[in-house]
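Structure first, commentary second.
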Amino acid sequence: MASRTARRTPSTGPAAASPDLVAGAAYSPTLDRLIYAVALLGILVVTHLAVQSAGGFEDGCLGFSDEIVESGPSGCASATTSEYATFPGTSIPNTILGFWFYGFLIALGLGIAAAKGQWLAPLKQVRLVLVVGGAIYALYLIYRLVFSLETLCGLCLTSHVLTFILTGLVLADMRRISTSSSPVTS
């Protein structure tokens, strides 16, 4: 079985300078699996938020009684019923956007794991754009929580932290790729 980082072609010898190897060298099983795992956790968080929201947060934001976790009105209930609970200018709930965001990252993770040659780098670039956009939107939502609604939502903030972790991991992966993709001489 050929290694993704040490391919040889009969006509060119080591494929170190080929675009296929540069894209192949971009695959990092450990880092890509970690990104995939954090995205799976994100799916769980936004699903839990949607379920709790549908139940009116009877057991508090995190699913425990209000006495244990929260005092006063639920910040999660305020966040999920406010004018900021949907993407600006649409009626798409942020919980659905979060589900799509994490789901698309999971799909990209599967694509990256299966990618061959020239497809790996573009998939990772799409992932980079997605997480940077997600981080920017998370900052906007945190601003709205703190300054407009003057509350905190534990599940919302957990999702935002996961988005920032994903952004950091993807940026670290892209940095690793850019430092490892410099031309190699034999």
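Following the order of the structure tokens, chains are lettered A, B, ..., residues in each are numbered from 1, and ligands are numbered from 1.
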With only C-alpha atoms as the counted atoms, please give the residues lying no more than 8 Å from segment 99-113 of chain A, apart from itself and same-chain residues fewer than 5 positions off, as a tab-separated table (two decimals) with N, CA, C and O atoms, in the first residue's frame.
chain	number	residue	atom	x	y	z
A	27	TYR	N	-2.48	15.68	4.20
A	27	TYR	CA	-3.35	14.84	5.03
A	27	TYR	C	-2.65	14.52	6.34
A	27	TYR	O	-1.54	14.02	6.37
A	29	PRO	N	-3.77	12.47	9.58
A	29	PRO	CA	-4.85	11.68	10.19
A	29	PRO	C	-5.21	12.14	11.60
A	29	PRO	O	-6.38	12.27	11.92
A	32	ASP	N	-6.87	15.74	11.41
A	32	ASP	CA	-8.15	15.67	10.71
A	32	ASP	C	-9.19	14.89	11.50
A	32	ASP	O	-10.37	15.25	11.51
A	33	ARG	N	-8.77	13.86	12.21
A	33	ARG	CA	-9.71	13.11	13.06
A	33	ARG	C	-10.16	13.95	14.24
A	33	ARG	O	-11.32	13.86	14.67
A	35	ILE	N	-10.45	17.24	14.29
A	35	ILE	CA	-11.42	18.19	13.72
A	35	ILE	C	-12.77	17.50	13.53
A	35	ILE	O	-13.82	18.05	13.88
A	36	TYR	N	-12.74	16.29	13.02
A	36	TYR	CA	-13.95	15.51	12.81
A	36	TYR	C	-14.66	15.26	14.14
A	36	TYR	O	-15.88	15.43	14.26
A	39	ALA	N	-16.33	18.38	15.51
A	39	ALA	CA	-17.55	18.65	14.74
A	39	ALA	C	-18.69	17.71	15.18
A	39	ALA	O	-19.84	18.15	15.28
A	40	LEU	N	-18.37	16.46	15.47
A	40	LEU	CA	-19.39	15.54	15.99
A	40	LEU	C	-19.93	16.03	17.34
A	40	LEU	O	-21.14	15.99	17.58
A	42	GLY	N	-20.05	19.10	18.26
A	42	GLY	CA	-20.88	20.25	17.92
A	42	GLY	C	-22.28	19.85	17.51
A	42	GLY	O	-23.27	20.49	17.89
A	43	ILE	N	-22.39	18.77	16.73
A	43	ILE	CA	-23.72	18.25	16.34
A	43	ILE	C	-24.52	17.90	17.59
A	43	ILE	O	-25.71	18.21	17.69
A	46	VAL	N	-25.69	21.28	19.42
A	46	VAL	CA	-26.80	22.01	18.79
A	46	VAL	C	-28.07	21.18	18.77
A	46	VAL	O	-29.17	21.73	18.86
A	47	THR	N	-27.94	19.86	18.68
A	47	THR	CA	-29.12	18.99	18.76
A	47	THR	C	-29.73	19.09	20.15
A	47	THR	O	-30.95	19.21	20.30
A	120	LEU	N	-7.66	16.94	-2.26
A	120	LEU	CA	-7.42	17.16	-0.84
A	120	LEU	C	-7.27	18.65	-0.49
A	120	LEU	O	-7.92	19.14	0.41
A	123	LEU	N	-10.60	20.68	-0.71
A	123	LEU	CA	-11.51	20.35	0.39
A	123	LEU	C	-11.07	21.03	1.69
A	123	LEU	O	-11.90	21.55	2.44
A	124	LYS	N	-9.76	21.07	1.92
A	124	LYS	CA	-9.26	21.72	3.12
A	124	LYS	C	-9.45	23.24	3.03
A	124	LYS	O	-9.69	23.89	4.05
A	127	ARG	N	-13.01	23.88	3.91
A	127	ARG	CA	-13.15	23.75	5.37
A	127	ARG	C	-12.64	25.01	6.08
A	127	ARG	O	-13.26	25.48	7.02
A	130	LEU	N	-15.19	27.77	5.71
A	130	LEU	CA	-16.36	27.47	6.53
A	130	LEU	C	-16.11	27.79	8.00
A	130	LEU	O	-16.94	28.45	8.64
A	134	GLY	N	-17.79	30.61	10.29
A	134	GLY	CA	-18.47	30.20	11.52
A	134	GLY	C	-17.97	30.96	12.73
A	134	GLY	O	-18.75	31.35	13.60
Between atom CA of Val126 of chain A and atom CA of Thr158 of chain A - distance in Å to one decimal: 23.5 Å
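A straight line drawn from atom CA of His160 of chain A to atom CA of Arg176 of chain A is 24.2 Å long.
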Within 10 Å of Thr95 of chain A using only C-alpha atoms, minus same-chain residues under 5 positions, as an MDAnalysis selection string: chainID A and resid 43 45:51 53 80 85:87 100:101 156 159
Point-to-point distance from atom CA of Ser178 of chain A to atom CA of Gly117 of chain A, Å rounded to tenths: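 We find that atom CA of Ser178 of chain A and atom CA of Gly117 of chain A lie 16.3 Å from each other.
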Sel. of alpha helix (DSSP H) residues, segment 112-148 of chain A, as number ranges by chain: A: 112-114, 120-143
Proximity to Asn94 of chain A - best of A:Leu141, A:Cys153, A:Ala115, A:Ile165, only C-alpha atoms: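 For Asn94 of chain A, the nearest of the candidates is A:Leu141.
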